[in-house]
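Trainee: Input structure: run_33.cif, which contains mmCIF, C-alpha atoms.
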data_my_file
#
loop_
_atom_site.group_PDB
_atom_site.id
_atom_site.type_symbol
_atom_site.label_atom_id
_atom_site.label_comp_id
_atom_site.auth_asym_id
_atom_site.auth_seq_id
_atom_site.Cartn_x
_atom_site.Cartn_y
_atom_site.Cartn_z
ATOM 1 C CA MET A 1 0.000 0.000 0.000
ATOM 2 C CA ALA A 2 1.334 3.409 -0.975
ATOM 3 C CA LEU A 3 2.051 6.008 1.693
ATOM 4 C CA THR A 4 -0.473 8.864 1.491
ATOM 5 C CA LYS A 5 -1.241 12.120 3.284
ATOM 6 C CA ALA A 6 -3.767 10.167 5.363
ATOM 7 C CA SER A 7 -1.098 7.710 6.558
ATOM 8 C CA LEU A 8 1.255 10.580 7.436
ATOM 9 C CA ALA A 9 -1.513 12.299 9.418
ATOM 10 C CA GLU A 10 -2.210 9.040 11.234
ATOM 11 C CA MET A 11 1.459 8.777 12.191
ATOM 12 C CA LEU A 12 1.379 12.309 13.690
ATOM 13 C CA PHE A 13 -1.756 11.392 15.617
ATOM 14 C CA ASP A 14 -0.343 8.082 16.900
ATOM 15 C CA GLU A 15 3.232 9.105 17.597
ATOM 16 C CA LEU A 16 3.108 12.804 18.437
ATOM 17 C CA GLY A 17 -0.338 13.099 19.913
ATOM 18 C CA LEU A 18 -1.524 15.895 17.623
ATOM 19 C CA ASN A 19 -5.302 15.669 17.285
ATOM 20 C CA LYS A 20 -6.836 14.433 14.015
ATOM 21 C CA ARG A 21 -7.574 17.894 12.665
ATOM 22 C CA GLU A 22 -4.113 19.250 13.572
ATOM 23 C CA SER A 23 -2.447 16.213 12.003
ATOM 24 C CA LYS A 24 -4.333 16.536 8.741
ATOM 25 C CA GLU A 25 -3.752 20.288 8.586
ATOM 26 C CA PHE A 26 -0.041 19.863 9.373
ATOM 27 C CA VAL A 27 0.545 17.362 6.563
ATOM 28 C CA GLU A 28 -1.347 19.567 4.101
ATOM 29 C CA GLN A 29 0.666 22.625 5.144
ATOM 30 C CA PHE A 30 3.967 20.723 5.051
ATOM 31 C CA PHE A 31 3.627 20.056 1.332
ATOM 32 C CA GLU A 32 2.130 23.496 0.702
ATOM 33 C CA GLU A 33 5.217 25.218 2.178
ATOM 34 C CA VAL A 34 7.455 23.157 -0.112
ATOM 35 C CA ARG A 35 5.271 24.065 -3.117
ATOM 36 C CA VAL A 36 5.333 27.774 -2.197
ATOM 37 C CA ALA A 37 9.135 27.780 -1.942
ATOM 38 C CA LEU A 38 9.507 26.060 -5.315
ATOM 39 C CA GLU A 39 6.925 28.351 -6.880
ATOM 40 C CA ASP A 40 8.973 31.306 -5.592
ATOM 41 C CA GLY A 41 12.033 29.885 -7.357
ATOM 42 C CA ASP A 42 13.641 28.651 -4.144
ATOM 43 C CA ASP A 43 15.251 25.157 -4.089
ATOM 44 C CA VAL A 44 14.221 23.017 -1.115
ATOM 45 C CA LYS A 45 16.956 21.088 0.697
ATOM 46 C CA LEU A 46 15.846 18.572 3.289
ATOM 47 C CA SER A 47 18.980 17.013 4.736
ATOM 48 C CA GLY A 48 18.809 13.259 5.182
ATOM 49 C CA PHE A 49 16.010 13.045 2.635
ATOM 50 C CA GLY A 50 16.893 14.948 -0.522
ATOM 51 C CA ASN A 51 16.819 18.185 -2.498
ATOM 52 C CA PHE A 52 14.090 19.547 -4.735
ATOM 53 C CA ILE A 53 15.922 21.483 -7.415
ATOM 54 C CA LEU A 54 14.462 23.846 -10.020
ATOM 55 C CA ARG A 55 15.729 23.686 -13.574
ATOM 56 C CA SER A 56 14.969 26.095 -16.378
ATOM 57 C CA LYS A 57 14.536 24.457 -19.747
ATOM 58 C CA SER A 58 14.763 26.430 -22.969
ATOM 59 C CA GLU A 59 12.405 25.844 -25.843
ATOM 60 C CA ARG A 60 13.122 22.693 -27.854
ATOM 61 C CA PRO A 61 11.596 21.021 -30.890
ATOM 62 C CA GLY A 62 9.039 18.329 -30.208
ATOM 63 C CA ARG A 63 6.572 16.196 -32.068
ATOM 64 C CA ASN A 64 2.996 15.143 -31.616
ATOM 65 C CA PRO A 65 3.525 11.398 -31.230
ATOM 66 C CA LYS A 66 0.113 10.672 -32.756
ATOM 67 C CA THR A 67 0.241 12.803 -35.882
ATOM 68 C CA GLY A 68 4.013 13.207 -36.245
ATOM 69 C CA GLU A 69 3.418 16.941 -36.561
ATOM 70 C CA GLU A 70 6.304 19.121 -35.368
ATOM 71 C CA ILE A 71 5.465 21.487 -32.507
ATOM 72 C CA PRO A 72 7.919 23.411 -30.332
ATOM 73 C CA ILE A 73 7.994 22.541 -26.611
ATOM 74 C CA SER A 74 7.946 25.921 -24.881
ATOM 75 C CA ALA A 75 10.546 27.110 -22.358
ATOM 76 C CA ARG A 76 9.587 26.031 -18.873
ATOM 77 C CA ARG A 77 10.716 25.580 -15.318
ATOM 78 C CA VAL A 78 10.620 22.076 -13.868
ATOM 79 C CA VAL A 79 11.353 20.564 -10.475
ATOM 80 C CA THR A 80 13.646 17.568 -10.045
ATOM 81 C CA PHE A 81 14.381 15.541 -6.920
ATOM 82 C CA ARG A 82 17.893 14.503 -5.941
ATOM 83 C CA PRO A 83 17.790 11.950 -3.136
ATOM 84 C CA GLY A 84 20.303 12.495 -0.338
ATOM 85 C CA GLN A 85 23.097 10.042 0.540
ATOM 86 C CA LYS A 86 21.235 8.707 3.550
ATOM 87 C CA LEU A 87 18.013 7.983 1.631
ATOM 88 C CA LYS A 88 19.937 6.448 -1.288
ATOM 89 C CA ALA A 89 21.792 4.121 1.061
ATOM 90 C CA ARG A 90 18.564 3.045 2.781
ATOM 91 C CA VAL A 91 16.796 2.373 -0.517
ATOM 92 C CA GLU A 92 19.761 0.534 -2.003
ATOM 93 C CA ALA A 93 19.715 -1.865 0.922
ATOM 94 C CA TYR A 94 16.209 -2.875 -0.160
ATOM 95 C CA ALA A 95 17.517 -4.407 -3.421
ATOM 96 C CA GLY A 96 18.987 -7.271 -1.374
ATOM 97 C CA ASN A 97 15.768 -8.639 0.089
ATOM 98 C CA GLN A 98 13.789 -8.104 -3.082
ATOM 99 C CA GLN A 99 14.987 -10.660 -5.615
ATOM 100 C CA MET B 100 14.689 26.570 1.831
ATOM 101 C CA THR B 101 16.252 24.176 4.342
ATOM 102 C CA LYS B 102 14.663 21.879 6.886
ATOM 103 C CA SER B 103 15.006 24.542 9.596
ATOM 104 C CA ASP B 104 13.367 27.154 7.328
ATOM 105 C CA LEU B 105 10.507 24.722 6.767
ATOM 106 C CA ILE B 106 10.171 24.162 10.522
ATOM 107 C CA GLU B 107 10.096 27.928 11.058
ATOM 108 C CA ALA B 108 7.470 28.495 8.356
ATOM 109 C CA LEU B 109 5.263 25.742 9.761
ATOM 110 C CA ALA B 110 5.675 26.997 13.329
ATOM 111 C CA GLU B 111 4.379 30.334 12.094
ATOM 112 C CA SER B 112 1.351 28.985 10.240
ATOM 113 C CA GLN B 113 0.560 26.347 12.896
ATOM 114 C CA SER B 114 0.969 28.772 15.788
ATOM 115 C CA HIS B 115 -1.130 26.606 18.121
ATOM 116 C CA LEU B 116 1.627 23.968 18.056
ATOM 117 C CA ALA B 117 4.775 24.204 20.179
ATOM 118 C CA LEU B 118 7.980 24.700 18.177
ATOM 119 C CA ARG B 119 9.295 21.437 19.572
ATOM 120 C CA ASP B 120 6.244 19.569 18.226
ATOM 121 C CA VAL B 121 6.612 21.168 14.792
ATOM 122 C CA GLU B 122 10.238 20.078 14.744
ATOM 123 C CA LEU B 123 9.331 16.510 15.726
ATOM 124 C CA ALA B 124 6.491 16.452 13.193
ATOM 125 C CA VAL B 125 8.701 17.587 10.286
ATOM 126 C CA LYS B 126 11.342 15.023 11.173
ATOM 127 C CA GLY B 127 8.641 12.398 11.675
ATOM 128 C CA VAL B 128 7.086 13.026 8.257
ATOM 129 C CA LEU B 129 10.471 12.780 6.504
ATOM 130 C CA GLU B 130 11.419 9.667 8.470
ATOM 131 C CA ARG B 131 8.095 8.001 7.635
ATOM 132 C CA MET B 132 8.596 8.828 3.955
ATOM 133 C CA SER B 133 12.148 7.427 4.000
ATOM 134 C CA GLN B 134 10.957 4.269 5.747
ATOM 135 C CA SER B 135 8.293 3.773 3.147
ATOM 136 C CA LEU B 136 10.767 3.947 0.259
ATOM 137 C CA ALA B 137 13.353 1.864 2.141
ATOM 138 C CA GLY B 138 10.686 -0.839 2.406
ATOM 139 C CA GLY B 139 9.957 -0.692 -1.312
ATOM 140 C CA ASP B 140 6.668 1.189 -0.894
ATOM 141 C CA ARG B 141 5.556 4.103 -3.069
ATOM 142 C CA ILE B 142 4.545 7.516 -1.715
ATOM 143 C CA GLU B 143 1.574 9.266 -3.326
ATOM 144 C CA ILE B 144 0.856 12.849 -2.298
ATOM 145 C CA ARG B 145 -1.996 14.337 -4.318
ATOM 146 C CA GLY B 146 -1.150 17.788 -5.676
ATOM 147 C CA PHE B 147 2.524 17.337 -4.867
ATOM 148 C CA GLY B 148 3.794 14.201 -6.564
ATOM 149 C CA SER B 149 4.758 10.602 -6.122
ATOM 150 C CA PHE B 150 7.950 8.854 -5.096
ATOM 151 C CA SER B 151 8.764 5.376 -6.297
ATOM 152 C CA LEU B 152 11.792 3.149 -6.763
ATOM 153 C CA HIS B 153 13.518 2.657 -10.084
ATOM 154 C CA PHE B 154 15.669 -0.394 -10.638
ATOM 155 C CA ARG B 155 19.210 0.059 -11.937
ATOM 156 C CA PRO B 156 20.367 -3.224 -13.519
ATOM 157 C CA PRO B 157 23.761 -4.762 -12.668
ATOM 158 C CA ARG B 158 26.638 -3.369 -14.703
ATOM 159 C CA MET B 159 30.402 -3.462 -15.020
ATOM 160 C CA GLY B 160 32.036 -0.439 -13.443
ATOM 161 C CA ARG B 161 35.606 0.640 -13.050
ATOM 162 C CA ASN B 162 37.768 1.503 -10.102
ATOM 163 C CA PRO B 163 38.698 5.080 -11.078
ATOM 164 C CA LYS B 164 42.093 4.788 -9.396
ATOM 165 C CA SER B 165 43.374 1.474 -10.723
ATOM 166 C CA GLY B 166 41.191 1.202 -13.833
ATOM 167 C CA ASP B 167 40.216 -2.352 -12.834
ATOM 168 C CA ALA B 168 36.788 -3.573 -13.906
ATOM 169 C CA VAL B 169 34.405 -4.294 -11.020
ATOM 170 C CA ALA B 170 31.007 -5.946 -11.163
ATOM 171 C CA LEU B 171 28.312 -3.700 -9.684
ATOM 172 C CA SER B 172 25.108 -5.389 -8.582
ATOM 173 C CA GLY B 173 21.662 -4.059 -9.451
ATOM 174 C CA LYS B 174 20.117 -1.548 -7.098
ATOM 175 C CA TYR B 175 17.071 0.594 -6.491
ATOM 176 C CA VAL B 176 17.127 4.390 -6.551
ATOM 177 C CA PRO B 177 14.388 6.772 -5.364
ATOM 178 C CA HIS B 178 12.502 8.593 -8.112
ATOM 179 C CA PHE B 179 10.156 11.596 -7.822
ATOM 180 C CA LYS B 180 7.451 12.500 -10.319
ATOM 181 C CA PRO B 181 5.930 15.934 -9.672
ATOM 182 C CA GLY B 182 2.134 16.054 -9.633
ATOM 183 C CA LYS B 183 0.016 18.272 -11.861
ATOM 184 C CA GLU B 184 -0.498 21.090 -9.345
ATOM 185 C CA LEU B 185 3.200 21.295 -8.432
ATOM 186 C CA ARG B 186 4.224 21.193 -12.097
ATOM 187 C CA GLU B 187 1.853 23.995 -13.001
ATOM 188 C CA ARG B 188 2.661 26.197 -10.025
ATOM 189 C CA VAL B 189 6.434 25.845 -10.450
ATOM 190 C CA ASN B 190 6.110 26.882 -14.063
ATOM 191 C CA SER B 191 3.427 29.598 -13.827
ATOM 192 C CA ARG B 192 5.504 32.302 -12.164
ATOM 193 C CA PHE B 193 8.418 31.443 -14.458
ATOM 194 C CA VAL B 194 6.346 31.787 -17.620
ATOM 195 C CA SER B 195 4.850 35.119 -16.562
ATOM 196 C CA ASP B 196 8.293 36.413 -15.462
ATOM 197 C CA GLU B 197 9.745 35.464 -18.818
ATOM 198 C CA SER B 198 7.019 36.902 -21.025
ATOM 199 C CA SER B 199 6.879 40.361 -19.460
ATOM 200 C CA GLY B 200 8.355 42.339 -16.620
ATOM 201 C CA ALA B 201 4.907 43.446 -15.541
ATOM 202 C CA THR B 202 3.660 40.449 -13.598
ATOM 203 C CA PRO B 203 0.264 41.044 -12.036
ATOM 204 C CA GLU B 204 1.335 39.126 -8.926
ATOM 205 C CA ALA B 205 1.482 40.513 -5.433
ATOM 206 C CA ARG B 206 5.170 39.748 -4.971
ATOM 207 C CA THR B 207 7.271 41.116 -7.775
ATOM 208 C CA GLY B 208 10.803 42.357 -8.138
ATOM 209 C CA THR B 209 12.322 40.375 -5.298
ATOM 210 C CA ASP B 210 12.625 36.992 -7.000
ATOM 211 C CA ASP B 211 16.071 35.691 -7.983
#
How would this structure read if it were set down as structure tokens?
Mentor:
Amino acid sequence: MALTKASLAEMLFDELGLNKRESKEFVEQFFEEVRVALEDGDDVKLSGFGNFILRSKSERPGRNPKTGEEIPISARRVVTFRPGQKLKARVEAYAGNQQ
Amino acid sequence: MTKSDLIEALAESQSHLALRDVELAVKGVLERMSQSLAGGDRIEIRGFGSFSLHFRPPRMGRNPKSGDAVALSGKYVPHFKPGKELRERVNSRFVSDESSGATPEARTGTDD
């Protein structure tokens, strides 16, 4: 089962004793603060977890895969995630007990 | 923005919570997310994005010092796919900043 906002709120309720409403609101606001920073052009660096980095892409040629028609892909800003050392090491360890 | 900036921002918006609780909650959320990925589980946050694992197949690498070939086993790496809302919001300010100096947004001039 995938981890969702509901499971994070439940964890705050169970482990930190925030009430249900506070927990739900906290999780919502947690991701909203990260979105606001990125929207403002600010990279987000969460040590131990990873960095959300903004990259500006210039316009490039593209194609409509259905019709084959050429259409330019406009310049845009995108967010990428670079996992931190600690998270990478923890995830890598999972490969062992998988296959 | 760093983790401590995030804690500060949340302490301000969630002013009914003690700073210590906000700190524990931020660390708790990140730890829970790490645990989930470390256990091979996806994370799905609507409006933000999803985290999953991508498999990197085994390959031959090289010791950069000696030049010897070394077998590297396959591994999993975390992968993030931004959700629709995040994608649009990250790009919206950028597009309007690019197209004209006169952005009809409340906060102008102080970016970058």
Trainee: Per residue of chain A within 9 Å of chain B, which atom pair is closest and at what distance in Å (one decimal), using all atoms listed in the file, listed by chain and increasing number, as JSON lines?
Mentor:
{"residue": "A:Met1", "atom": "CA", "partner": "B:Asp140", "partner_atom": "CA", "distance": 6.8}
{"residue": "A:Ala2", "atom": "CA", "partner": "B:Arg141", "partner_atom": "CA", "distance": 4.8}
{"residue": "A:Leu3", "atom": "CA", "partner": "B:Ile142", "partner_atom": "CA", "distance": 4.5}
{"residue": "A:Thr4", "atom": "CA", "partner": "B:Glu143", "partner_atom": "CA", "distance": 5.2}
{"residue": "A:Lys5", "atom": "CA", "partner": "B:Ile144", "partner_atom": "CA", "distance": 6.0}
{"residue": "A:Leu8", "atom": "CA", "partner": "B:Val128", "partner_atom": "CA", "distance": 6.4}
{"residue": "A:Ala9", "atom": "CA", "partner": "B:Val128", "partner_atom": "CA", "distance": 8.7}
{"residue": "A:Met11", "atom": "CA", "partner": "B:Gly127", "partner_atom": "CA", "distance": 8.1}
{"residue": "A:Leu12", "atom": "CA", "partner": "B:Ala124", "partner_atom": "CA", "distance": 6.6}
{"residue": "A:Glu15", "atom": "CA", "partner": "B:Gly127", "partner_atom": "CA", "distance": 8.7}
{"residue": "A:Leu16", "atom": "CA", "partner": "B:Ala124", "partner_atom": "CA", "distance": 7.2}
{"residue": "A:Leu18", "atom": "CA", "partner": "B:Asp120", "partner_atom": "CA", "distance": 8.6}
{"residue": "A:Glu22", "atom": "CA", "partner": "B:Gln113", "partner_atom": "CA", "distance": 8.5}
{"residue": "A:Glu25", "atom": "CA", "partner": "B:Gln113", "partner_atom": "CA", "distance": 8.6}
{"residue": "A:Phe26", "atom": "CA", "partner": "B:Gln113", "partner_atom": "CA", "distance": 7.4}
{"residue": "A:Val27", "atom": "CA", "partner": "B:Val128", "partner_atom": "CA", "distance": 8.0}
{"residue": "A:Gln29", "atom": "CA", "partner": "B:Leu109", "partner_atom": "CA", "distance": 7.2}
{"residue": "A:Phe30", "atom": "CA", "partner": "B:Leu109", "partner_atom": "CA", "distance": 7.0}
{"residue": "A:Phe31", "atom": "CA", "partner": "B:Phe147", "partner_atom": "CA", "distance": 6.9}
{"residue": "A:Glu32", "atom": "CA", "partner": "B:Phe147", "partner_atom": "CA", "distance": 8.3}
{"residue": "A:Glu33", "atom": "CA", "partner": "B:Leu105", "partner_atom": "CA", "distance": 7.0}
{"residue": "A:Val34", "atom": "CA", "partner": "B:Leu105", "partner_atom": "CA", "distance": 7.7}
{"residue": "A:Arg35", "atom": "CA", "partner": "B:Leu185", "partner_atom": "CA", "distance": 6.3}
{"residue": "A:Val36", "atom": "CA", "partner": "B:Arg188", "partner_atom": "CA", "distance": 8.4}
{"residue": "A:Ala37", "atom": "CA", "partner": "B:Met100", "partner_atom": "CA", "distance": 6.8}
{"residue": "A:Leu38", "atom": "CA", "partner": "B:Val189", "partner_atom": "CA", "distance": 6.0}
{"residue": "A:Glu39", "atom": "CA", "partner": "B:Val189", "partner_atom": "CA", "distance": 4.4}
{"residue": "A:Asp40", "atom": "CA", "partner": "B:Asp210", "partner_atom": "CA", "distance": 6.9}
{"residue": "A:Gly41", "atom": "CA", "partner": "B:Asp211", "partner_atom": "CA", "distance": 7.1}
{"residue": "A:Asp42", "atom": "CA", "partner": "B:Met100", "partner_atom": "CA", "distance": 6.4}
{"residue": "A:Asp43", "atom": "CA", "partner": "B:Met100", "partner_atom": "CA", "distance": 6.1}
{"residue": "A:Val44", "atom": "CA", "partner": "B:Met100", "partner_atom": "CA", "distance": 4.6}
{"residue": "A:Lys45", "atom": "CA", "partner": "B:Thr101", "partner_atom": "CA", "distance": 4.8}
{"residue": "A:Leu46", "atom": "CA", "partner": "B:Lys102", "partner_atom": "CA", "distance": 5.0}
{"residue": "A:Ser47", "atom": "CA", "partner": "B:Lys102", "partner_atom": "CA", "distance": 6.9}
{"residue": "A:Gly48", "atom": "CA", "partner": "B:Leu129", "partner_atom": "CA", "distance": 8.5}
{"residue": "A:Phe49", "atom": "CA", "partner": "B:Leu129", "partner_atom": "CA", "distance": 6.8}
{"residue": "A:Leu54", "atom": "CA", "partner": "B:Val189", "partner_atom": "CA", "distance": 8.3}
{"residue": "A:Ser56", "atom": "CA", "partner": "B:Phe193", "partner_atom": "CA", "distance": 8.7}
{"residue": "A:Ala75", "atom": "CA", "partner": "B:Val194", "partner_atom": "CA", "distance": 7.9}
{"residue": "A:Arg76", "atom": "CA", "partner": "B:Asn190", "partner_atom": "CA", "distance": 6.0}
{"residue": "A:Arg77", "atom": "CA", "partner": "B:Asn190", "partner_atom": "CA", "distance": 4.9}
{"residue": "A:Val78", "atom": "CA", "partner": "B:Val189", "partner_atom": "CA", "distance": 6.6}
{"residue": "A:Val79", "atom": "CA", "partner": "B:Pro181", "partner_atom": "CA", "distance": 7.2}
{"residue": "A:Thr80", "atom": "CA", "partner": "B:Phe179", "partner_atom": "CA", "distance": 7.3}
{"residue": "A:Phe81", "atom": "CA", "partner": "B:Phe179", "partner_atom": "CA", "distance": 5.9}
{"residue": "A:Arg82", "atom": "CA", "partner": "B:His178", "partner_atom": "CA", "distance": 8.3}
{"residue": "A:Pro83", "atom": "CA", "partner": "B:Pro177", "partner_atom": "CA", "distance": 6.6}
{"residue": "A:Leu87", "atom": "CA", "partner": "B:Ser133", "partner_atom": "CA", "distance": 6.3}
{"residue": "A:Lys88", "atom": "CA", "partner": "B:Val176", "partner_atom": "CA", "distance": 6.3}
{"residue": "A:Ala89", "atom": "CA", "partner": "B:Ala137", "partner_atom": "CA", "distance": 8.8}
{"residue": "A:Arg90", "atom": "CA", "partner": "B:Ala137", "partner_atom": "CA", "distance": 5.4}
{"residue": "A:Val91", "atom": "CA", "partner": "B:Ala137", "partner_atom": "CA", "distance": 4.4}
{"residue": "A:Glu92", "atom": "CA", "partner": "B:Tyr175", "partner_atom": "CA", "distance": 5.2}
{"residue": "A:Ala93", "atom": "CA", "partner": "B:Ala137", "partner_atom": "CA", "distance": 7.5}
{"residue": "A:Tyr94", "atom": "CA", "partner": "B:Ala137", "partner_atom": "CA", "distance": 6.0}
{"residue": "A:Ala95", "atom": "CA", "partner": "B:Lys174", "partner_atom": "CA", "distance": 5.3}
{"residue": "A:Gly96", "atom": "CA", "partner": "B:Lys174", "partner_atom": "CA", "distance": 8.2}
{"residue": "A:Gln98", "atom": "CA", "partner": "B:Gly139", "partner_atom": "CA", "distance": 8.5}
Trainee: Keeping only C-alpha atoms, take the residues you just selected and write them out as a PDB file, in the frame of the given file.
Mentor:
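again22.pdb, written as the output of this step:
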ATOM      1  CA  MET A   1       0.000   0.000   0.000  1.00  0.00           C
ATOM      2  CA  ALA A   2       1.334   3.409  -0.975  1.00  0.00           C
ATOM      3  CA  LEU A   3       2.051   6.008   1.693  1.00  0.00           C
ATOM      4  CA  THR A   4      -0.473   8.864   1.491  1.00  0.00           C
ATOM      5  CA  LYS A   5      -1.241  12.120   3.284  1.00  0.00           C
ATOM      6  CA  LEU A   8       1.255  10.580   7.436  1.00  0.00           C
ATOM      7  CA  ALA A   9      -1.513  12.299   9.418  1.00  0.00           C
ATOM      8  CA  MET A  11       1.459   8.777  12.191  1.00  0.00           C
ATOM      9  CA  LEU A  12       1.379  12.309  13.690  1.00  0.00           C
ATOM     10  CA  GLU A  15       3.232   9.105  17.597  1.00  0.00           C
ATOM     11  CA  LEU A  16       3.108  12.804  18.437  1.00  0.00           C
ATOM     12  CA  LEU A  18      -1.524  15.895  17.623  1.00  0.00           C
ATOM     13  CA  GLU A  22      -4.113  19.250  13.572  1.00  0.00           C
ATOM     14  CA  GLU A  25      -3.752  20.288   8.586  1.00  0.00           C
ATOM     15  CA  PHE A  26      -0.041  19.863   9.373  1.00  0.00           C
ATOM     16  CA  VAL A  27       0.545  17.362   6.563  1.00  0.00           C
ATOM     17  CA  GLN A  29       0.666  22.625   5.144  1.00  0.00           C
ATOM     18  CA  PHE A  30       3.967  20.723   5.051  1.00  0.00           C
ATOM     19  CA  PHE A  31       3.627  20.056   1.332  1.00  0.00           C
ATOM     20  CA  GLU A  32       2.130  23.496   0.702  1.00  0.00           C
ATOM     21  CA  GLU A  33       5.217  25.218   2.178  1.00  0.00           C
ATOM     22  CA  VAL A  34       7.455  23.157  -0.112  1.00  0.00           C
ATOM     23  CA  ARG A  35       5.271  24.065  -3.117  1.00  0.00           C
ATOM     24  CA  VAL A  36       5.333  27.774  -2.197  1.00  0.00           C
ATOM     25  CA  ALA A  37       9.135  27.780  -1.942  1.00  0.00           C
ATOM     26  CA  LEU A  38       9.507  26.060  -5.315  1.00  0.00           C
ATOM     27  CA  GLU A  39       6.925  28.351  -6.880  1.00  0.00           C
ATOM     28  CA  ASP A  40       8.973  31.306  -5.592  1.00  0.00           C
ATOM     29  CA  GLY A  41      12.033  29.885  -7.357  1.00  0.00           C
ATOM     30  CA  ASP A  42      13.641  28.651  -4.144  1.00  0.00           C
ATOM     31  CA  ASP A  43      15.251  25.157  -4.089  1.00  0.00           C
ATOM     32  CA  VAL A  44      14.221  23.017  -1.115  1.00  0.00           C
ATOM     33  CA  LYS A  45      16.956  21.088   0.697  1.00  0.00           C
ATOM     34  CA  LEU A  46      15.846  18.572   3.289  1.00  0.00           C
ATOM     35  CA  SER A  47      18.980  17.013   4.736  1.00  0.00           C
ATOM     36  CA  GLY A  48      18.809  13.259   5.182  1.00  0.00           C
ATOM     37  CA  PHE A  49      16.010  13.045   2.635  1.00  0.00           C
ATOM     38  CA  LEU A  54      14.462  23.846 -10.020  1.00  0.00           C
ATOM     39  CA  SER A  56      14.969  26.095 -16.378  1.00  0.00           C
ATOM     40  CA  ALA A  75      10.546  27.110 -22.358  1.00  0.00           C
ATOM     41  CA  ARG A  76       9.587  26.031 -18.873  1.00  0.00           C
ATOM     42  CA  ARG A  77      10.716  25.580 -15.318  1.00  0.00           C
ATOM     43  CA  VAL A  78      10.620  22.076 -13.868  1.00  0.00           C
ATOM     44  CA  VAL A  79      11.353  20.564 -10.475  1.00  0.00           C
ATOM     45  CA  THR A  80      13.646  17.568 -10.045  1.00  0.00           C
ATOM     46  CA  PHE A  81      14.381  15.541  -6.920  1.00  0.00           C
ATOM     47  CA  ARG A  82      17.893  14.503  -5.941  1.00  0.00           C
ATOM     48  CA  PRO A  83      17.790  11.950  -3.136  1.00  0.00           C
ATOM     49  CA  LEU A  87      18.013   7.983   1.631  1.00  0.00           C
ATOM     50  CA  LYS A  88      19.937   6.448  -1.288  1.00  0.00           C
ATOM     51  CA  ALA A  89      21.792   4.121   1.061  1.00  0.00           C
ATOM     52  CA  ARG A  90      18.564   3.045   2.781  1.00  0.00           C
ATOM     53  CA  VAL A  91      16.796   2.373  -0.517  1.00  0.00           C
ATOM     54  CA  GLU A  92      19.761   0.534  -2.003  1.00  0.00           C
ATOM     55  CA  ALA A  93      19.715  -1.865   0.922  1.00  0.00           C
ATOM     56  CA  TYR A  94      16.209  -2.875  -0.160  1.00  0.00           C
ATOM     57  CA  ALA A  95      17.517  -4.407  -3.421  1.00  0.00           C
ATOM     58  CA  GLY A  96      18.987  -7.271  -1.374  1.00  0.00           C
ATOM     59  CA  GLN A  98      13.789  -8.104  -3.082  1.00  0.00           C
TER      60      GLN A  98
END
Trainee: Quote the spacing between CA of Glu122 (chain B) and CA of Gly182 (chain B) in Å to one decimal place.
Mentor: 26.0 Å
Trainee: Could you tell me, as a PyMOL selection string, exactly which residues end up selected when the PyMOL selection byres ((chain B and resi 170) around 12) is applied to this structure?
Mentor: chain B and resi 156-162+167-169+171-173
Trainee: Please compute the CA of Ser114 (chain B)-CA of Asn51 (chain A) distance, one decimal, in Å.
Mentor: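 Computing the Euclidean distance for CA of Ser114 (chain B) and CA of Asn51 (chain A) yields 26.4 Å.
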Trainee: If I take CA of Pro61 (chain A) and CA of Ser74 (chain A), how far is one from the other in Å, to one decimal?
Mentor: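 Between these atoms lies a distance of 8.6 Å.
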